[in-house]
file query-v9.cif (mmCIF, C-alpha atoms)
data_model
loop_
_atom_site.label_atom_id
_atom_site.label_comp_id
_atom_site.auth_asym_id
_atom_site.auth_seq_id
_atom_site.Cartn_x
_atom_site.Cartn_y
_atom_site.Cartn_z
CA MET Y 1 -60.52 45.31 53.88
CA PRO Y 2 -61.69 44.95 50.25
CA ASP Y 3 -64.54 42.56 49.58
CA LEU Y 4 -63.48 39.15 48.32
CA PRO Y 5 -65.36 37.35 45.54
CA ASP Y 6 -68.32 35.24 46.66
CA PRO Y 7 -66.72 31.86 47.50
CA THR Y 8 -69.88 30.07 46.31
CA THR Y 9 -69.39 31.41 42.78
CA ARG Y 10 -67.30 28.99 40.76
CA PRO Y 11 -66.29 29.07 37.10
CA VAL Y 12 -68.41 26.97 34.77
CA PRO Y 13 -66.75 23.77 33.52
CA GLY Y 14 -64.03 24.48 30.96
CA GLN Y 15 -64.01 28.24 31.54
CA LEU Y 16 -60.53 29.78 31.63
CA THR Y 17 -59.59 32.96 33.48
CA MET Y 18 -56.45 34.23 31.78
CA VAL Y 19 -56.52 37.75 33.23
CA ALA Y 20 -56.67 38.11 37.01
CA PRO Y 21 -59.43 40.26 38.50
CA ARG Y 22 -58.33 43.81 39.26
CA ARG Y 23 -57.84 44.29 42.98
CA GLY Y 24 -55.89 46.54 45.31
CA LYS Y 25 -52.16 45.99 45.17
CA PRO Y 26 -50.27 44.49 48.11
CA PRO Y 27 -47.98 46.96 49.91
CA ARG Y 28 -44.57 47.50 48.36
CA HIS Y 29 -41.93 45.24 49.85
CA LEU Y 30 -38.16 44.92 49.64
CA ALA Y 31 -38.55 41.59 47.80
CA ASP Y 32 -40.46 43.31 45.00
CA LEU Y 33 -37.45 45.45 44.17
CA SER Y 34 -34.12 44.95 42.46
CA VAL Y 35 -30.96 46.02 44.31
CA GLU Y 36 -30.93 49.32 42.42
CA GLU Y 37 -34.63 49.91 43.12
CA ARG Y 38 -34.09 49.27 46.83
CA ARG Y 39 -31.34 51.85 46.99
CA ALA Y 40 -33.53 54.36 45.16
CA ALA Y 41 -36.44 53.64 47.51
CA VAL Y 42 -34.29 54.13 50.60
CA THR Y 43 -32.87 57.37 49.18
CA ALA Y 44 -36.39 58.61 48.44
CA LEU Y 45 -37.25 58.04 52.11
CA GLY Y 46 -34.41 60.40 53.04
CA HIS Y 47 -31.85 57.79 54.11
CA LYS Y 48 -28.42 56.89 52.76
CA ALA Y 49 -28.47 54.31 49.97
CA PHE Y 50 -26.28 51.80 51.84
CA ARG Y 51 -29.13 51.27 54.30
CA ALA Y 52 -30.79 49.22 51.56
CA ASN Y 53 -27.91 46.75 51.72
CA GLN Y 54 -28.25 46.51 55.50
CA LEU Y 55 -31.98 45.92 55.24
CA SER Y 56 -31.44 43.26 52.56
CA THR Y 57 -28.94 41.49 54.81
CA HIS Y 58 -31.45 41.36 57.64
CA TYR Y 59 -34.27 40.05 55.48
CA PHE Y 60 -32.59 37.66 53.04
CA GLU Y 61 -29.58 36.47 55.06
CA ARG Y 62 -30.54 36.79 58.71
CA LEU Y 63 -34.24 36.17 57.99
CA VAL Y 64 -35.20 39.01 60.32
CA ASP Y 65 -38.07 41.46 59.87
CA ASP Y 66 -38.40 42.70 63.47
CA PRO Y 67 -36.84 46.16 63.75
CA GLU Y 68 -35.78 45.45 67.34
CA GLU Y 69 -33.33 42.85 66.03
CA MET Y 70 -31.69 45.25 63.55
CA THR Y 71 -29.31 46.73 66.07
CA ASP Y 72 -26.81 47.92 63.44
CA LEU Y 73 -29.41 50.45 62.29
CA PRO Y 74 -30.22 53.59 64.30
CA LYS Y 75 -33.64 53.12 65.89
CA GLY Y 76 -35.36 55.94 64.02
CA VAL Y 77 -33.96 54.68 60.73
CA ARG Y 78 -34.89 51.05 61.31
CA ASP Y 79 -38.51 51.78 62.27
CA ASP Y 80 -38.94 53.96 59.19
CA LEU Y 81 -37.33 51.47 56.82
CA VAL Y 82 -39.19 48.45 58.18
CA ALA Y 83 -42.53 50.24 58.01
CA ASP Y 84 -41.94 51.24 54.39
CA LEU Y 85 -40.03 48.29 52.95
CA LEU Y 86 -40.78 45.28 55.16
CA PRO Y 87 -44.55 45.46 55.68
CA PRO Y 88 -46.25 42.22 56.80
CA LEU Y 89 -47.49 40.26 53.79
CA LEU Y 90 -48.58 36.87 55.12
CA ALA Y 91 -50.56 36.30 58.30
CA PRO Y 92 -50.56 32.66 59.53
CA VAL Y 93 -54.04 31.13 59.75
CA ARG Y 94 -53.52 27.38 60.07
CA SER Y 95 -50.53 25.07 60.27
CA ILE Y 96 -50.82 21.28 60.12
CA THR Y 97 -48.06 18.70 60.27
CA ALA Y 98 -47.76 15.21 58.81
CA ASP Y 99 -45.14 12.55 58.13
CA GLU Y 100 -43.90 12.61 61.74
CA GLY Y 101 -43.42 16.35 61.55
CA ALA Y 102 -41.39 16.35 58.33
CA THR Y 103 -44.21 17.98 56.34
CA VAL Y 104 -45.82 21.27 57.39
CA LYS Y 105 -48.73 22.68 55.41
CA GLN Y 106 -49.66 26.28 56.12
CA VAL Y 107 -52.53 28.56 55.19
CA TRP Y 108 -51.74 32.26 54.97
CA ARG Y 109 -54.06 35.25 54.83
CA LEU Y 110 -52.96 38.01 52.47
CA PHE Y 111 -53.54 41.73 53.07
CA ASP Y 112 -56.97 41.63 51.41
CA GLY Y 113 -58.21 38.48 53.13
CA ALA Y 114 -57.38 36.05 50.31
CA LEU Y 115 -56.04 32.66 51.45
CA VAL Y 116 -53.06 30.81 49.98
CA GLU Y 117 -51.13 27.69 50.91
CA SER Y 118 -47.50 26.64 51.11
CA VAL Y 119 -45.94 23.33 52.13
CA LEU Y 120 -42.52 22.76 53.73
CA MET Y 121 -41.09 19.25 53.32
CA ARG Y 122 -37.88 17.78 54.68
CA TYR Y 123 -36.43 14.82 52.81
CA PRO Y 124 -33.19 12.98 53.62
CA ASN Y 125 -31.20 14.92 51.01
CA ARG Y 126 -33.11 18.17 50.57
CA VAL Y 127 -35.63 20.61 51.99
CA THR Y 128 -38.34 21.62 49.54
CA VAL Y 129 -40.93 24.39 49.75
CA CYS Y 130 -44.02 24.18 47.55
CA ILE Y 131 -45.35 27.70 47.01
CA SER Y 132 -48.38 29.45 45.58
CA SER Y 133 -48.19 32.10 42.87
CA GLN Y 134 -51.87 33.13 42.72
CA ALA Y 135 -54.74 33.23 45.16
CA GLY Y 136 -56.88 30.60 43.50
CA CYS Y 137 -56.35 29.56 39.89
CA GLY Y 138 -57.95 30.37 36.56
CA MET Y 139 -57.05 27.12 34.78
CA ASN Y 140 -60.19 25.30 36.04
CA CYS Y 141 -58.90 21.70 35.97
CA PRO Y 142 -61.87 19.69 37.28
CA PHE Y 143 -59.86 17.33 39.53
CA CYS Y 144 -58.02 20.19 41.30
CA ALA Y 145 -59.48 21.84 44.41
CA THR Y 146 -57.80 25.17 43.62
CA GLY Y 147 -58.99 25.15 40.02
CA GLN Y 148 -62.56 24.65 41.13
CA GLU Y 149 -62.42 27.70 43.40
CA GLY Y 150 -61.55 30.06 40.54
CA LEU Y 151 -59.02 32.89 40.50
CA THR Y 152 -59.13 35.62 43.15
CA ARG Y 153 -56.00 37.55 42.17
CA ASN Y 154 -52.35 37.42 41.23
CA MET Y 155 -49.80 37.46 44.04
CA SER Y 156 -46.93 39.93 44.11
CA ALA Y 157 -43.32 38.82 43.77
CA ALA Y 158 -42.76 39.58 47.46
CA GLU Y 159 -45.79 37.54 48.53
CA VAL Y 160 -44.32 34.60 46.62
CA VAL Y 161 -40.85 35.09 48.11
CA GLU Y 162 -42.19 35.54 51.63
CA GLN Y 163 -43.50 31.95 51.61
CA VAL Y 164 -39.92 30.73 51.15
CA VAL Y 165 -38.53 33.16 53.73
CA ALA Y 166 -41.15 31.98 56.24
CA ALA Y 167 -40.11 28.38 55.59
CA ALA Y 168 -36.44 29.27 56.01
CA ARG Y 169 -37.22 30.96 59.34
CA MET Y 170 -39.02 27.83 60.53
CA LEU Y 171 -36.04 25.69 59.58
CA ARG Y 172 -33.58 28.02 61.27
CA HIS Y 173 -35.56 27.80 64.49
CA GLY Y 174 -35.71 24.00 64.43
CA GLY Y 175 -39.24 23.71 63.07
CA LEU Y 176 -38.74 20.43 61.20
CA PRO Y 177 -37.19 17.22 62.51
CA GLU Y 178 -34.41 15.39 60.73
CA ILE Y 179 -35.60 12.33 58.81
CA GLY Y 180 -33.59 9.35 57.70
CA GLY Y 181 -33.89 6.62 55.14
CA PRO Y 182 -34.81 6.81 51.48
CA THR Y 183 -38.04 8.35 50.24
CA GLU Y 184 -40.42 5.99 48.48
CA GLY Y 185 -40.87 7.46 45.02
CA ALA Y 186 -39.88 10.82 43.58
CA ALA Y 187 -39.78 13.64 46.11
CA LEU Y 188 -40.89 17.16 45.29
CA GLY Y 189 -37.68 18.79 44.15
CA ASP Y 190 -36.40 15.66 42.41
CA GLU Y 191 -37.34 17.29 39.10
CA ALA Y 192 -34.12 19.25 39.56
CA ASP Y 193 -32.17 16.03 39.20
CA ASP Y 194 -28.71 17.56 39.58
CA ALA Y 195 -29.53 19.65 42.64
CA THR Y 196 -29.57 16.89 45.24
CA GLU Y 197 -26.68 17.80 47.50
CA PRO Y 198 -27.74 18.49 51.10
CA THR Y 199 -27.50 22.15 52.06
CA GLY Y 200 -27.75 21.75 55.83
CA PRO Y 201 -30.58 21.56 58.32
CA THR Y 202 -31.48 25.25 58.29
CA ARG Y 203 -31.57 25.94 54.56
CA VAL Y 204 -34.14 25.56 51.80
CA SER Y 205 -32.55 23.75 48.87
CA ASN Y 206 -35.51 23.38 46.48
CA VAL Y 207 -38.52 25.52 45.61
CA VAL Y 208 -41.38 24.23 43.46
CA PHE Y 209 -44.07 26.44 41.95
CA MET Y 210 -46.67 23.70 42.42
CA GLY Y 211 -48.98 25.31 44.95
CA MET Y 212 -52.05 27.39 44.15
CA GLY Y 213 -52.14 29.11 40.79
CA GLU Y 214 -50.58 28.98 37.34
CA ALA Y 215 -47.31 30.86 37.73
CA LEU Y 216 -46.85 31.53 34.00
CA ALA Y 217 -50.20 33.37 34.05
CA ASN Y 218 -48.63 35.70 36.64
CA TYR Y 219 -45.39 35.90 34.70
CA LYS Y 220 -43.86 39.20 35.83
CA ALA Y 221 -44.28 38.45 39.54
CA ALA Y 222 -43.11 34.85 39.14
CA ILE Y 223 -39.91 35.88 37.38
CA GLY Y 224 -39.34 38.65 39.91
CA ALA Y 225 -39.68 36.08 42.68
CA ILE Y 226 -37.25 33.71 40.97
CA ARG Y 227 -34.69 36.49 40.69
CA ARG Y 228 -35.03 37.29 44.41
CA LEU Y 229 -34.77 33.59 45.28
CA THR Y 230 -31.64 33.03 43.20
CA GLU Y 231 -29.68 36.25 43.69
CA PRO Y 232 -26.72 35.68 46.04
CA ALA Y 233 -27.18 36.79 49.62
CA PRO Y 234 -27.65 39.43 50.80
CA SER Y 235 -29.33 40.63 47.62
CA GLY Y 236 -31.53 37.52 47.60
CA LEU Y 237 -31.82 34.09 49.19
CA GLY Y 238 -29.03 32.49 47.15
CA ILE Y 239 -30.94 29.35 46.17
CA SER Y 240 -29.56 27.60 43.09
CA ALA Y 241 -31.71 28.20 40.01
CA ARG Y 242 -31.30 24.48 39.31
CA GLY Y 243 -33.15 23.80 42.55
CA ILE Y 244 -36.24 25.72 41.40
CA THR Y 245 -39.04 24.04 39.46
CA MET Y 246 -41.59 26.02 37.47
CA SER Y 247 -44.78 24.03 36.93
CA THR Y 248 -47.28 24.89 34.20
CA VAL Y 249 -50.36 23.35 32.63
CA GLY Y 250 -48.97 24.35 29.25
CA LEU Y 251 -49.07 28.07 28.54
CA VAL Y 252 -46.94 27.77 25.43
CA PRO Y 253 -45.99 31.47 25.04
CA GLY Y 254 -45.01 31.54 28.71
CA ILE Y 255 -42.80 28.47 28.33
CA ASP Y 256 -40.99 30.06 25.39
CA ARG Y 257 -40.65 33.32 27.27
CA LEU Y 258 -39.19 31.48 30.28
CA ALA Y 259 -36.70 29.69 28.03
CA ALA Y 260 -35.39 33.07 26.87
CA GLU Y 261 -34.80 34.39 30.41
CA GLY Y 262 -31.46 32.64 30.79
CA ILE Y 263 -32.34 31.32 34.25
CA PRO Y 264 -31.77 27.53 34.33
CA VAL Y 265 -34.82 26.57 36.39
CA THR Y 266 -36.43 23.19 35.80
CA LEU Y 267 -39.67 23.07 33.82
CA ALA Y 268 -42.48 20.74 34.87
CA LEU Y 269 -45.33 20.31 32.37
CA SER Y 270 -48.58 19.14 33.96
CA LEU Y 271 -49.87 17.04 31.09
CA HIS Y 272 -52.31 14.51 32.62
CA ALA Y 273 -53.41 13.12 29.23
CA PRO Y 274 -51.56 12.40 25.96
CA ASP Y 275 -54.59 12.83 23.70
CA ASP Y 276 -56.43 16.06 22.95
CA GLU Y 277 -59.91 14.63 23.44
CA LEU Y 278 -59.34 13.79 27.10
CA ARG Y 279 -56.96 16.65 27.87
CA ASP Y 280 -59.52 19.18 26.64
CA GLU Y 281 -61.67 17.98 29.55
CA LEU Y 282 -58.99 17.49 32.21
CA VAL Y 283 -56.85 20.56 31.42
CA PRO Y 284 -59.00 23.22 29.74
CA ILE Y 285 -55.96 25.22 28.56
CA ASN Y 286 -55.64 22.40 26.01
CA THR Y 287 -58.43 24.09 24.07
CA ARG Y 288 -55.88 26.89 23.41
CA TRP Y 289 -52.65 24.90 23.01
CA LYS Y 290 -52.92 21.22 22.17
CA VAL Y 291 -50.91 18.30 23.57
CA ASP Y 292 -48.29 18.31 20.82
CA GLU Y 293 -47.90 22.09 21.03
CA ALA Y 294 -47.28 21.86 24.79
CA ILE Y 295 -44.79 19.00 24.41
CA ASP Y 296 -43.02 20.83 21.58
CA ALA Y 297 -42.68 23.91 23.80
CA ALA Y 298 -41.28 21.74 26.59
CA TYR Y 299 -38.76 20.27 24.17
CA ARG Y 300 -37.76 23.76 23.01
CA TYR Y 301 -37.20 24.64 26.65
CA TYR Y 302 -34.86 21.67 26.99
CA GLU Y 303 -33.00 22.69 23.83
CA ALA Y 304 -32.60 26.29 25.04
CA THR Y 305 -31.55 25.52 28.61
CA GLY Y 306 -30.15 21.98 28.63
CA ARG Y 307 -32.45 21.31 31.59
CA ARG Y 308 -34.28 17.99 31.61
CA VAL Y 309 -38.05 18.55 31.58
CA SER Y 310 -40.42 16.83 33.98
CA ILE Y 311 -43.84 15.64 32.81
CA GLU Y 312 -46.36 15.58 35.66
CA TYR Y 313 -49.19 13.09 35.16
CA ALA Y 314 -51.90 12.68 37.82
CA LEU Y 315 -53.17 9.11 37.52
CA ILE Y 316 -56.97 9.12 37.78
CA ARG Y 317 -58.80 5.82 38.07
CA ASP Y 318 -60.42 4.69 34.81
CA ILE Y 319 -59.98 8.16 33.30
CA ASN Y 320 -56.40 8.58 32.07
CA ASP Y 321 -54.59 5.48 33.38
CA GLN Y 322 -55.17 3.06 30.48
CA ALA Y 323 -52.17 1.19 29.09
CA TRP Y 324 -52.77 2.58 25.60
CA ARG Y 325 -52.46 6.12 26.96
CA ALA Y 326 -49.12 5.21 28.54
CA ASP Y 327 -48.02 3.89 25.14
CA LEU Y 328 -49.23 7.04 23.38
CA LEU Y 329 -47.41 9.27 25.87
CA GLY Y 330 -44.26 7.16 25.53
CA ASP Y 331 -44.42 7.38 21.73
CA LYS Y 332 -44.86 11.16 21.76
CA LEU Y 333 -41.98 11.77 24.16
CA ALA Y 334 -39.59 9.27 22.58
CA ALA Y 335 -40.25 10.72 19.11
CA ARG Y 336 -38.58 13.96 20.23
CA GLY Y 337 -35.35 12.31 21.33
CA LYS Y 338 -33.66 10.74 24.34
CA GLY Y 339 -32.49 12.17 27.62
CA TRP Y 340 -34.64 15.28 27.53
CA VAL Y 341 -37.58 14.25 29.69
CA HIS Y 342 -38.64 12.39 32.82
CA VAL Y 343 -42.21 11.41 33.76
CA ASN Y 344 -43.64 11.65 37.27
CA PRO Y 345 -46.94 9.77 37.54
CA ILE Y 346 -48.74 11.16 40.60
CA PRO Y 347 -51.30 9.12 42.58
CA LEU Y 348 -54.24 11.53 42.68
CA ASN Y 349 -55.03 12.95 46.10
CA PRO Y 350 -58.83 13.15 45.80
CA THR Y 351 -60.79 16.12 47.04
CA PRO Y 352 -63.87 15.54 49.25
CA GLY Y 353 -66.98 14.64 47.28
CA SER Y 354 -65.08 14.39 44.00
CA LYS Y 355 -65.69 11.63 41.46
CA TRP Y 356 -61.97 11.65 40.69
CA THR Y 357 -59.84 9.18 42.64
CA ALA Y 358 -56.44 7.52 42.46
CA SER Y 359 -55.64 4.64 40.13
CA ARG Y 360 -55.30 1.12 41.49
CA ARG Y 361 -51.73 0.17 42.38
CA GLY Y 362 -51.53 -2.54 39.73
CA VAL Y 363 -52.76 -0.15 37.05
CA GLU Y 364 -50.26 2.45 38.25
CA GLN Y 365 -47.42 -0.05 38.00
CA GLN Y 366 -48.46 -1.13 34.50
CA PHE Y 367 -48.55 2.52 33.40
CA VAL Y 368 -45.00 3.01 34.68
CA GLU Y 369 -43.73 -0.16 33.00
CA ARG Y 370 -45.24 0.83 29.65
CA LEU Y 371 -43.50 4.21 29.75
CA ARG Y 372 -40.19 2.64 30.70
CA ALA Y 373 -40.56 0.19 27.82
CA HIS Y 374 -40.47 3.23 25.53
CA GLY Y 375 -37.20 4.30 27.12
CA ILE Y 376 -38.78 7.09 29.18
CA PRO Y 377 -37.36 7.46 32.72
CA THR Y 378 -40.39 7.26 35.01
CA THR Y 379 -40.74 7.57 38.79
CA VAL Y 380 -44.00 7.62 40.74
CA ARG Y 381 -44.30 10.74 42.88
CA ASP Y 382 -44.00 10.27 46.62
CA THR Y 383 -47.20 11.60 48.15
CA ARG Y 384 -46.86 13.77 51.21
CA GLY Y 385 -49.55 15.06 53.55
CA SER Y 386 -52.52 13.06 52.30
CA GLU Y 387 -53.95 12.97 55.82
CA ILE Y 388 -53.87 16.77 56.15
CA ASP Y 389 -55.89 17.90 53.12
CA GLY Y 390 -52.73 17.42 51.08
CA ALA Y 391 -54.13 18.19 47.64
CA CYS Y 392 -53.52 21.73 46.45
CA GLY Y 393 -56.24 24.07 47.65
CA GLN Y 394 -57.96 21.64 50.02
CA LEU Y 395 -56.73 23.15 53.26
CA ALA Y 396 -57.44 26.73 52.21
CA ALA Y 397 -60.92 25.72 51.06
CA SER Y 398 -61.67 24.06 54.39
CA THR Y 399 -60.31 27.09 56.24
CA ALA Y 400 -62.33 29.75 54.43
#

call {"tool": "encode", "arguments": {"input": "query-v9.cif", "output": "structure tokens"}}
result
Amino acid sequence: MPDLPDPTTRPVPGQLTMVAPRRGKPPRHLADLSVEERRAAVTALGHKAFRANQLSTHYFERLVDDPEEMTDLPKGVRDDLVADLLPPLLAPVRSITADEGATVKQVWRLFDGALVESVLMRYPNRVTVCISSQAGCGMNCPFCATGQEGLTRNMSAAEVVEQVVAAARMLRHGGLPEIGGPTEGAALGDEADDATEPTGPTRVSNVVFMGMGEALANYKAAIGAIRRLTEPAPSGLGISARGITMSTVGLVPGIDRLAAEGIPVTLALSLHAPDDELRDELVPINTRWKVDEAIDAAYRYYEATGRRVSIEYALIRDINDQAWRADLLGDKLAARGKGWVHVNPIPLNPTPGSKWTASRRGVEQQFVERLRAHGIPTTVRDTRGSEIDGACGQLAASTA
């Protein structure tokens, strides 16, 4: 197994890692490949091209990767195909439940020993999976556990997809209980405001790229994963593009590139401060692309796709929760028009030993009211899993 970076070595404050360290590539997997590439790969292995369709049906539709369950394939063929195109990508390390079983947070070990997290959440009207796109993160936000660990490597498209497939398998086998009653606050997946219809107890309806990593810094793999997630079964998982949320700290070229893809996913901009002076500290990418540049890119995304943008704003006590900052944010968003944006203030889930902590409830409420006074739809994020190292990167850090 390749050596991993020294976990005690962390990036210096404000340092960005825009290019992932070079490491060995994960094994090739069916989910890395387009339909045409799968057929070519199967043919190159000496099998008939239609076997690729059968293998895709097992993986994406039946959620099967055990060759013994692929009884429509001759045994010699199935063993060969599974070994070459369905290699194991994620090994379970830890799994912790919260919210009476409706939230499951998992740590996975990748082929090279790197650890990543995913979270499966059942709400009354949807099932959401929060997935990682990188092992670690190079954006170095000081209040984020993942950002403080630094970037280990980019994940492959298949490693990203496999987190959703693993969640779907858990659902299909009754891994999450039904829950009733309304959720207090905005649920993960609510960013996709028109994708709220229930899809049944065994199906993932929403996927959010809000786990470890900055997905737009791993653009090719992230887009490949989105295509696998949205392609109709059996070519892919058949999840509505409108049920997928791409979160970013504000990589402006990546936002514009995503807008040109023609895939109507929802964009979530993690802003966390409306002024450059503070955002330079809280979100170091702001030293490359300033607040107004990030908001302008988000607005261009709305214009290109017609998809309402979500602004994510972690409320940090006495740091970014002042009423004047709510007014400044409201002014900036309202100046670009109506109906294009929604704000999700997020009560910060503090990491152990951190100076950063959540705002007081009264301050949080005042922040929300100020934004609404500017005509900005605003809903406080429902926090899930706070008792199980819920903040991104906490569980993996405590597992390593």

call {"tool": "residues_around", "arguments": {"input": "query-v9.cif", "residues": "Val265 of chain Y", "least_positions_apart": "4", "cutoff": "9 Å", "atoms": "only C-alpha atoms", "output": "list in words"}}
result
Ala192, Ile226, Ser240, Ala241, Arg242, Gly243, Ile244, Thr245, Met246, Leu258, Thr305 and Arg307 of chain Y

call {"tool": "closest_residue", "arguments": {"input": "query-v9.cif", "among": "Y:Arg227, Y:Arg51, Y:Arg109, Y:Arg279", "to": "Arg325 of chain Y", "atoms": "all atoms listed in the file"}}
result
Y:Arg279

call {"tool": "residues_around", "arguments": {"input": "query-v9.cif", "residues": "Val160 of chain Y", "least_positions_apart": "2", "cutoff": "12 Å", "atoms": "all atoms listed in the file", "output": "VMD selection string"}}
result
chain Y and resid 26 29 31 to 32 89 to 90 108 110 116 to 118 129 to 135 154 to 158 162 to 167 207 to 213 215 218 220 to 229

call {"tool": "closest_residue", "arguments": {"input": "query-v9.cif", "among": "Y:Tyr219, Y:Trp324, Y:Trp356, Y:Phe111", "to": "Pro27 of chain Y", "atoms": "all atoms listed in the file"}}
result
Y:Phe111

call {"tool": "residues_near_point", "arguments": {"input": "query-v9.cif", "point": "(-35.6, 5.0, 27.8)", "cutoff": "8 Å", "atoms": "all atoms listed in the file", "output": "PyMOL selection string"}}
result
chain Y and resi 334+338-339+372-377

call {"tool": "write_last_selection", "arguments": {"input": "query-v9.cif", "atoms": "C-alpha atoms", "output": "PDB file, in the frame of the given file"}}
result
ATOM      1  CA  ALA Y 334     -39.590   9.270  22.580  1.00  0.00           C
ATOM      2  CA  LYS Y 338     -33.660  10.740  24.340  1.00  0.00           C
ATOM      3  CA  GLY Y 339     -32.490  12.170  27.620  1.00  0.00           C
ATOM      4  CA  ARG Y 372     -40.190   2.640  30.700  1.00  0.00           C
ATOM      5  CA  ALA Y 373     -40.560   0.190  27.820  1.00  0.00           C
ATOM      6  CA  HIS Y 374     -40.470   3.230  25.530  1.00  0.00           C
ATOM      7  CA  GLY Y 375     -37.200   4.300  27.120  1.00  0.00           C
ATOM      8  CA  ILE Y 376     -38.780   7.090  29.180  1.00  0.00           C
ATOM      9  CA  PRO Y 377     -37.360   7.460  32.720  1.00  0.00           C
TER      10      PRO Y 377
END

call {"tool": "closest_residue", "arguments": {"input": "query-v9.cif", "among": "Y:Ile311, Y:Ala41, Y:Ala268, Y:Val12", "to": "Gln148 of chain Y", "atoms": "all atoms listed in the file"}}
result
Y:Val12

call {"tool": "closest_residue", "arguments": {"input": "query-v9.cif", "among": "Y:Ala187, Y:Asp66, Y:Gln366, Y:Ala304", "to": "Asp79 of chain Y", "atoms": "all atoms listed in the file"}}
result
Y:Asp66

call {"tool": "atom_distance", "arguments": {"input": "query-v9.cif", "atom1": "atom CA of Ser354 of chain Y", "atom2": "atom CA of Asn320 of chain Y"}}
result
15.9 Å

call {"tool": "resolve_selection", "arguments": {"input": "query-v9.cif", "expression": "the PyMOL selection byres ((chain Y and resi 297-302) around 10)", "output": "number ranges by chain"}}
result
Y: 250-260, 264, 266-269, 291-296, 303-311, 333, 336-337, 339-341

call {"tool": "atom_distance", "arguments": {"input": "query-v9.cif", "atom1": "atom CA of Leu73 of chain Y", "atom2": "atom CA of Leu30 of chain Y"}}
result
16.3 Å

call {"tool": "axis_aligned_box", "arguments": {"input": "query-v9.cif", "around": "segment 332-344 of chain Y", "padding_each_side": "4 Å", "output": "lines of an AutoDock Vina configuration file"}}
result
center_x = -38.7
center_y = 12.3
center_z = 28.2
size_x = 20.4
size_y = 14.0
size_z = 26.2

call {"tool": "residues_around", "arguments": {"input": "query-v9.cif", "residues": "Leu237 of chain Y", "least_positions_apart": "4", "cutoff": "8 Å", "atoms": "all atoms listed in the file", "output": "ChimeraX atom specification"}}
result
/Y:60-61,228-233

call {"tool": "closest_residue", "arguments": {"input": "query-v9.cif", "among": "Y:Leu115, Y:Val82, Y:Ile239, Y:Ala40", "to": "Asp65 of chain Y", "atoms": "only C-alpha atoms"}}
result
Y:Val82

call {"tool": "closest_residue", "arguments": {"input": "query-v9.cif", "among": "Y:Gly147, Y:Pro87, Y:Pro124, Y:Pro21", "to": "Leu282 of chain Y", "atoms": "only C-alpha atoms"}}
result
Y:Gly147

call {"tool": "residues_around", "arguments": {"input": "query-v9.cif", "residues": "Asp72 of chain Y", "least_positions_apart": "4", "cutoff": "12 Å", "atoms": "only C-alpha atoms", "output": "list in words"}}
result
Arg51, Asn53, Gln54, Leu55, Thr57, His58, Pro67, Glu68, Gly76, Val77 and Arg78 of chain Y

call {"tool": "closest_atom_pairs", "arguments": {"input": "query-v9.cif", "of": "segment 92-192 of chain Y", "to": "segment 345-350 of chain Y", "cutoff": "10 Å", "atoms": "only C-alpha atoms", "output": "tab-separated table"}}
result
residue	atom	partner	partner_atom	distance
Y:Phe143	CA	Y:Pro350	CA	7.6
Y:Cys144	CA	Y:Pro350	CA	8.4
Y:Ala145	CA	Y:Pro350	CA	8.8
Y:Gly185	CA	Y:Ile346	CA	9.8
Y:Ala186	CA	Y:Pro345	CA	9.4

call {"tool": "write_last_selection", "arguments": {"input": "query-v9.cif", "atoms": "C-alpha atoms", "output": "compact mmCIF listing (two decimals), keeping the file's coordinate frame"}}
result
# COMPACT_ATOMS: atom_id res chain seq x y z
CA PHE Y 143 -59.86 17.33 39.53
CA CYS Y 144 -58.02 20.19 41.30
CA ALA Y 145 -59.48 21.84 44.41
CA GLY Y 185 -40.87 7.46 45.02
CA ALA Y 186 -39.88 10.82 43.58

call {"tool": "atom_distance", "arguments": {"input": "query-v9.cif", "atom1": "atom CA of Asp280 of chain Y", "atom2": "atom CA of Gly189 of chain Y"}}
result
28.0 Å

call {"tool": "resolve_selection", "arguments": {"input": "query-v9.cif", "expression": "the PyMOL selection byres ((chain Y and resi 368) around 8)", "output": "list of chain:residue names"}}
result
Y:Ala326, Y:Pro345, Y:Glu364, Y:Gln365, Y:Gln366, Y:Phe367, Y:Glu369, Y:Arg370, Y:Leu371, Y:Arg372, Y:Thr378, Y:Thr379, Y:Val380

call {"tool": "resolve_selection", "arguments": {"input": "query-v9.cif", "expression": "the PyMOL selection byres ((chain Y and resi 152) around 6)", "output": "PyMOL selection string"}}
result
chain Y and resi 135-136+151+153

call {"tool": "write_last_selection", "arguments": {"input": "query-v9.cif", "atoms": "C-alpha atoms", "output": "short mmCIF file (atom, residue, chain, number, x, y, z; two decimals), keeping the file's coordinate frame"}}
result
data_model
loop_
_atom_site.label_atom_id
_atom_site.label_comp_id
_atom_site.auth_asym_id
_atom_site.auth_seq_id
_atom_site.Cartn_x
_atom_site.Cartn_y
_atom_site.Cartn_z
CA ALA Y 135 -54.74 33.23 45.16
CA GLY Y 136 -56.88 30.60 43.50
CA LEU Y 151 -59.02 32.89 40.50
CA ARG Y 153 -56.00 37.55 42.17
#
